[in-house]
>>> print(open('my_file_27.cif').read())   # mmCIF, C-alpha atoms and all ligand atoms
data_query
#
loop_
_atom_site.label_atom_id
_atom_site.label_comp_id
_atom_site.auth_asym_id
_atom_site.auth_seq_id
_atom_site.Cartn_x
_atom_site.Cartn_y
_atom_site.Cartn_z
CA MET B 4 9.44 3.58 16.89
CA HIS B 5 10.11 2.64 13.29
CA ILE B 6 7.57 3.56 10.61
CA LEU B 7 7.33 2.55 6.95
CA ILE B 8 5.55 5.00 4.64
CA VAL B 9 4.33 3.67 1.28
CA GLU B 10 3.17 6.62 -0.82
CA ASP B 11 3.72 7.49 -4.48
CA GLU B 12 3.13 11.24 -4.07
CA GLU B 13 6.69 12.34 -3.41
CA LYS B 14 5.86 15.73 -1.95
CA LEU B 15 3.41 14.30 0.59
CA ALA B 16 5.74 11.40 1.44
CA ARG B 17 8.71 13.69 2.07
CA ALA B 18 6.63 16.01 4.23
CA LEU B 19 5.33 13.09 6.30
CA LYS B 20 8.80 11.56 6.69
CA LYS B 21 10.26 14.87 7.80
CA GLY B 22 7.40 15.64 10.18
CA LEU B 23 7.54 12.21 11.79
CA GLU B 24 11.33 12.33 12.14
CA VAL B 25 11.00 15.62 14.00
CA LYS B 26 8.68 13.77 16.40
CA GLY B 27 11.39 11.16 17.00
CA PHE B 28 10.25 8.33 14.74
CA ALA B 29 12.67 6.48 12.46
CA VAL B 30 11.02 6.60 9.04
CA ASP B 31 11.53 4.71 5.77
CA TRP B 32 9.74 5.71 2.61
CA LEU B 33 8.96 3.54 -0.42
CA SER B 34 6.90 4.57 -3.44
CA ASP B 35 6.80 1.23 -5.24
CA SER B 36 4.00 -1.09 -4.12
CA GLU B 37 5.75 -4.34 -5.06
CA LYS B 38 8.94 -3.32 -3.21
CA ALA B 39 6.82 -2.26 -0.25
CA ARG B 40 5.06 -5.60 -0.08
CA ASN B 41 8.40 -7.43 -0.14
CA ARG B 42 9.92 -5.12 2.47
CA ILE B 43 6.97 -5.68 4.79
CA LEU B 44 7.17 -9.45 4.41
CA LEU B 45 10.96 -9.63 4.85
CA TYR B 46 11.35 -7.05 7.63
CA ARG B 47 8.03 -7.52 9.41
CA ASN B 48 9.60 -7.37 12.86
CA GLU B 49 11.49 -4.14 12.24
CA TYR B 50 8.46 -1.95 11.79
CA ASP B 51 6.18 -0.73 14.55
CA LEU B 52 3.72 0.81 12.09
CA ILE B 53 3.00 0.98 8.36
CA ILE B 54 1.36 3.98 6.68
CA LEU B 55 0.02 2.80 3.36
CA ASP B 56 -1.45 4.88 0.55
CA LEU B 57 -4.53 3.31 -0.99
CA MET B 58 -4.07 4.42 -4.60
CA LEU B 59 -0.65 3.23 -5.72
CA PRO B 60 0.53 2.31 -9.19
CA GLY B 61 0.58 -1.49 -9.37
CA ILE B 62 -0.85 -3.20 -6.31
CA ASP B 63 -3.16 -0.95 -4.29
CA GLY B 64 -2.89 -0.45 -0.53
CA ALA B 65 -5.93 -2.56 0.30
CA THR B 66 -4.56 -5.53 -1.63
CA ILE B 67 -1.13 -5.15 0.00
CA THR B 68 -2.83 -5.11 3.41
CA GLU B 69 -4.88 -8.19 2.62
CA SER B 70 -1.91 -10.11 1.27
CA VAL B 71 0.49 -9.33 4.16
CA ARG B 72 -2.21 -10.18 6.70
CA GLN B 73 -2.59 -13.55 4.95
CA GLU B 74 1.15 -14.00 5.57
CA ASN B 75 0.53 -13.34 9.27
CA VAL B 76 2.09 -9.87 9.42
CA THR B 77 0.58 -8.25 12.52
CA THR B 78 2.24 -4.80 12.28
CA PRO B 79 -0.40 -2.05 12.61
CA ILE B 80 -1.42 -0.50 9.28
CA ILE B 81 -2.97 2.93 8.71
CA ILE B 82 -4.33 3.52 5.20
CA LEU B 83 -4.26 6.92 3.51
CA THR B 84 -7.31 7.20 1.32
CA ALA B 85 -8.70 9.89 -0.91
CA ARG B 86 -12.05 8.16 -1.11
CA ASN B 87 -14.80 8.81 1.31
CA GLU B 88 -17.39 6.11 0.89
CA THR B 89 -18.47 4.36 4.07
CA GLU B 90 -18.58 1.04 2.29
CA HIS B 91 -15.00 1.43 1.25
CA LYS B 92 -13.77 2.20 4.78
CA VAL B 93 -15.45 -0.91 6.15
CA ASP B 94 -13.77 -2.88 3.38
CA LEU B 95 -10.33 -1.55 4.42
CA LEU B 96 -10.86 -2.58 8.03
CA ASN B 97 -12.12 -5.98 6.92
CA LYS B 98 -8.97 -6.48 4.88
CA GLY B 99 -6.90 -5.97 8.01
CA ALA B 100 -6.11 -2.25 8.25
CA ASP B 101 -6.12 -0.89 11.81
CA ASP B 102 -7.28 2.57 10.84
CA TYR B 103 -7.59 4.90 7.87
CA ILE B 104 -7.33 8.61 7.32
CA VAL B 105 -8.99 10.53 4.50
CA LYS B 106 -6.89 12.91 2.38
CA PRO B 107 -6.43 15.79 2.79
CA PHE B 108 -5.64 15.45 6.50
CA SER B 109 -3.70 17.52 9.01
CA PHE B 110 -0.40 16.24 10.32
CA GLU B 111 -1.76 16.55 13.87
CA GLU B 112 -4.64 14.22 13.02
CA LEU B 113 -2.30 11.64 11.54
CA LEU B 114 -0.10 11.87 14.63
CA ALA B 115 -3.09 11.34 16.91
CA ARG B 116 -4.10 8.26 14.93
CA ILE B 117 -0.54 6.91 14.96
CA ASN B 118 -0.37 7.31 18.73
CA SER B 119 -3.73 5.66 19.17
CA VAL B 120 -2.83 2.69 16.95
CA LEU B 121 0.55 2.25 18.64
CA ARG B 122 -1.14 2.18 22.05
CA ARG B 123 -3.72 -0.34 20.93
CA PRO B 124 -1.67 -3.58 20.70
CA SER B 125 -2.35 -6.70 22.72
CA LEU B 126 -1.65 -5.21 26.13
CA ALA B 127 -3.42 -1.87 25.58
CA GLN B 128 -0.34 0.16 26.36
CA PRO B 129 -0.92 3.08 28.69
CA VAL B 130 0.03 6.65 27.73
CA ILE B 131 2.19 6.97 30.84
CA LEU B 132 4.83 4.31 31.33
CA LYS B 133 6.31 3.85 34.81
CA VAL B 134 9.36 1.75 35.64
CA GLY B 135 11.17 2.19 38.95
CA ASP B 136 11.64 5.91 39.51
CA LEU B 137 11.21 6.66 35.81
CA GLU B 138 8.01 8.04 34.34
CA MET B 139 7.47 8.59 30.61
CA ASP B 140 4.51 10.37 29.08
CA THR B 141 4.44 9.04 25.52
CA SER B 142 1.95 11.65 24.31
CA THR B 143 3.79 14.77 25.56
CA ARG B 144 7.18 13.00 25.25
CA VAL B 145 8.28 14.09 28.72
CA VAL B 146 10.48 11.88 30.91
CA ARG B 147 10.75 12.38 34.66
CA GLN B 148 13.04 10.67 37.13
CA GLU B 149 11.90 10.97 40.75
CA GLY B 150 9.59 13.74 39.54
CA THR B 151 12.34 15.79 37.90
CA GLU B 152 12.17 16.27 34.16
CA VAL B 153 15.11 14.75 32.26
CA PRO B 154 15.77 16.43 28.91
CA LEU B 155 16.41 13.73 26.29
CA THR B 156 17.22 13.91 22.60
CA LEU B 157 14.79 12.28 20.16
CA LYS B 158 16.93 9.16 19.80
CA GLU B 159 17.51 8.87 23.55
CA PHE B 160 13.76 9.11 24.09
CA ALA B 161 13.08 6.49 21.41
CA LEU B 162 15.63 4.12 22.99
CA LEU B 163 14.27 4.61 26.50
CA GLU B 164 10.74 4.00 25.20
CA CYS B 165 11.82 0.58 23.86
CA PHE B 166 13.15 -0.32 27.32
CA MET B 167 10.17 1.06 29.23
CA ARG B 168 7.75 -0.91 27.07
CA GLU B 169 9.61 -4.12 27.96
CA PRO B 170 11.23 -3.61 31.37
CA GLY B 171 13.27 -6.50 32.71
CA THR B 172 13.62 -7.95 29.22
CA VAL B 173 16.99 -8.18 27.49
CA LEU B 174 16.68 -6.21 24.25
CA SER B 175 19.16 -7.20 21.57
CA ARG B 176 21.29 -4.56 19.92
CA GLU B 177 19.70 -5.45 16.58
CA LYS B 178 16.19 -4.98 17.94
CA LEU B 179 17.04 -1.62 19.51
CA PHE B 180 18.68 -0.44 16.33
CA ASP B 181 15.84 -1.64 14.09
CA HIS B 182 13.22 0.23 16.12
CA VAL B 183 15.10 3.49 16.59
CA TRP B 184 16.99 4.02 13.33
CA ASP B 185 15.75 3.90 9.76
CA PHE B 186 16.59 1.35 7.09
CA ASN B 187 19.39 3.39 5.52
CA SER B 188 21.34 3.94 8.72
CA LEU B 189 24.83 2.45 8.71
CA SER B 190 27.44 1.36 11.27
CA TRP B 191 24.83 0.80 13.88
CA SER B 192 26.91 -0.65 16.67
CA ASN B 193 28.85 2.54 17.23
CA VAL B 194 25.86 4.84 17.09
CA LEU B 195 23.86 2.70 19.50
CA ASP B 196 26.69 2.60 22.05
CA VAL B 197 27.12 6.37 21.98
CA HIS B 198 23.41 6.93 22.59
CA MET B 199 23.28 4.31 25.34
CA LYS B 200 26.25 5.97 27.05
CA ASN B 201 24.54 9.36 26.93
CA LEU B 202 21.24 7.93 28.13
CA ARG B 203 22.97 6.24 31.06
CA LYS B 204 24.76 9.45 31.95
CA LYS B 205 21.50 11.38 32.07
CA LEU B 206 19.59 8.77 34.08
CA GLN B 207 22.20 7.36 36.44
CA HIS B 208 22.18 8.66 39.99
CA ASP B 209 25.61 9.49 41.35
CA ASP B 210 24.81 7.92 44.70
CA ARG B 211 23.48 4.71 43.24
CA SER B 212 25.68 1.68 42.87
CA GLU B 213 23.39 -0.55 40.88
CA GLN B 214 23.17 -0.16 37.14
CA LEU B 215 19.91 1.06 35.66
CA PHE B 216 20.84 -0.46 32.32
CA GLU B 217 22.49 -3.82 32.54
CA THR B 218 24.80 -4.71 29.65
CA VAL B 219 24.29 -8.30 28.58
CA ARG B 220 27.51 -9.26 26.83
CA GLY B 221 27.15 -10.26 23.21
CA VAL B 222 23.39 -9.65 23.29
CA GLY B 223 22.25 -6.19 24.31
CA TYR B 224 20.85 -4.28 27.26
CA ARG B 225 18.23 -4.71 29.95
CA LEU B 226 16.39 -2.04 31.93
CA ALA B 227 16.22 -2.96 35.60
CA GLY B 228 13.33 -1.85 37.79
CA GLU B 229 9.83 -2.68 38.84
CA VAL B 230 6.81 -1.78 36.74
CA HIS B 231 4.29 0.40 38.56
CA VAL B 232 0.69 0.27 37.49
CA CA T 301 -1.37 7.66 -4.40
#
>>> encode(input="my_file_27.cif", output="structure tokens", more="lines below")
Ligand code: CA
Amino acid sequence: MHILIVEDEEKLARALKKGLEVKGFAVDWLSDSEKARNRILLYRNEYDLIILDLMLPGIDGATITESVRQENVTTPIIILTARNETEHKVDLLNKGADDYIVKPFSFEELLARINSVLRRPSLAQPVILKVGDLEMDTSTRVVRQEGTEVPLTLKEFALLECFMREPGTVLSREKLFDHVWDFNSLSWSNVLDVHMKNLRKKLQHDDRSEQLFETVRGVGYRLAGEVHV
């Protein structure tokens, strides 16, 4: 999951970025509202979530939200606000924000709201994803295969989550990279291959001939397996 933070308070922004990276998110941080607006419009499909401060020098968070929604950006937006008026909160939601959180807030509360917003999209994603013999609890971040817990690194978990949210679909290398690594990451093809190799190693049964992850030449990878509801 790839998150963009737009916040001009450096200390808060750095703390959020660090905290979210520890939880396995790929995080970009921008402090300039004009740059942020352009980034959102140009890279709309790279981000799974935007955390937007309300009071920014230049364009404020509510105006950014309104303007990117007018350009049909559907990425979920959570607004950080220091204000507490009811009227104002309604205004934020009307302008297209998905949720807001009032400063000062605890990291745990932000995390809960992020998880709730990320689960909300079109299909109302469940907390527990099941594909074939794989089961992923996205809230506790535990993966089990045939009931046995598989220890995964943060990046392996993030990759597997992309596949389990779209089983049977070929995911391009670019898409996987964009959702698992942040904007400043370089030489993506190598890094992605190494993580895919490790993920396969951890999830492949020795006695199984078929491939869990199918490599689609020149495109990307596909997770095989039936979705259980
Ligand atoms: Ca601010």
>>> residues_around(input="my_file_27.cif", residues="Lys158 in chain B", least_positions_apart="6", cutoff="9 Å", atoms="only C-alpha atoms", output="short mmCIF file (atom, residue, chain, number, x, y, z; two decimals) with C-alpha atoms, in the coordinates of the input")
data_model
loop_
_atom_site.label_atom_id
_atom_site.label_comp_id
_atom_site.auth_asym_id
_atom_site.auth_seq_id
_atom_site.Cartn_x
_atom_site.Cartn_y
_atom_site.Cartn_z
CA GLY B 27 11.39 11.16 17.00
CA PHE B 28 10.25 8.33 14.74
CA ALA B 29 12.67 6.48 12.46
CA VAL B 183 15.10 3.49 16.59
CA TRP B 184 16.99 4.02 13.33
CA HIS B 198 23.41 6.93 22.59
#
>>> closest_residue(input="my_file_27.cif", among="B:Leu132, B:Val30, B:Leu7, B:Ala16", to="Ile80 in chain B", atoms="all atoms listed in the file")
B:Leu7
>>> atom_distance(input="my_file_27.cif", atom1="CA of Glu10 in chain B", atom2="CA of Glu159 in chain B")
28.4 Å
>>> residues_near_ligand(input="my_file_27.cif", ligand="ligand CA 301 (chain T)", cutoff="7 Å", atoms="only C-alpha atoms and all ligand atoms", output="PDB file with C-alpha atoms, in the frame of the given file")
ATOM      1  CA  GLU B  10       3.170   6.620  -0.820  1.00  0.00           C
ATOM      2  CA  ASP B  11       3.720   7.490  -4.480  1.00  0.00           C
ATOM      3  CA  GLU B  12       3.130  11.240  -4.070  1.00  0.00           C
ATOM      4  CA  ASP B  56      -1.450   4.880   0.550  1.00  0.00           C
ATOM      5  CA  LEU B  57      -4.530   3.310  -0.990  1.00  0.00           C
ATOM      6  CA  MET B  58      -4.070   4.420  -4.600  1.00  0.00           C
ATOM      7  CA  LEU B  59      -0.650   3.230  -5.720  1.00  0.00           C
TER       8      LEU B  59
END
>>> atom_distance(input="my_file_27.cif", atom1="CA of Ile62 in chain B", atom2="CA of Lys20 in chain B")
21.9 Å
>>> atom_distance(input="my_file_27.cif", atom1="CA of Trp32 in chain B", atom2="CA of Glu90 in chain B")
28.7 Å
>>> closest_atom_pairs(input="my_file_27.cif", of="range 48-145 of chain B", to="range 173-178 of chain B", cutoff="12 Å", atoms="only C-alpha atoms", output="Markdown table")
| residue | atom | partner | partner_atom | distance |
| --- | --- | --- | --- | --- |
| B:Asn48 | CA | B:Lys178 | CA | 8.7 |
| B:Glu49 | CA | B:Lys178 | CA | 7.4 |
| B:Tyr50 | CA | B:Lys178 | CA | 10.3 |
| B:Asp51 | CA | B:Lys178 | CA | 11.4 |
>>> residues_around(input="my_file_27.cif", residues="Leu113 in chain B", least_positions_apart="4", cutoff="12 Å", atoms="only C-alpha atoms", output="PyMOL selection string")
chain B and resi 19+22-23+54+81-83+102-109+117-120
>>> closest_residue(input="my_file_27.cif", among="B:Ile53, B:Ala115, B:Leu179, B:Ile43", to="Val222 in chain B", atoms="all atoms listed in the file")
B:Leu179
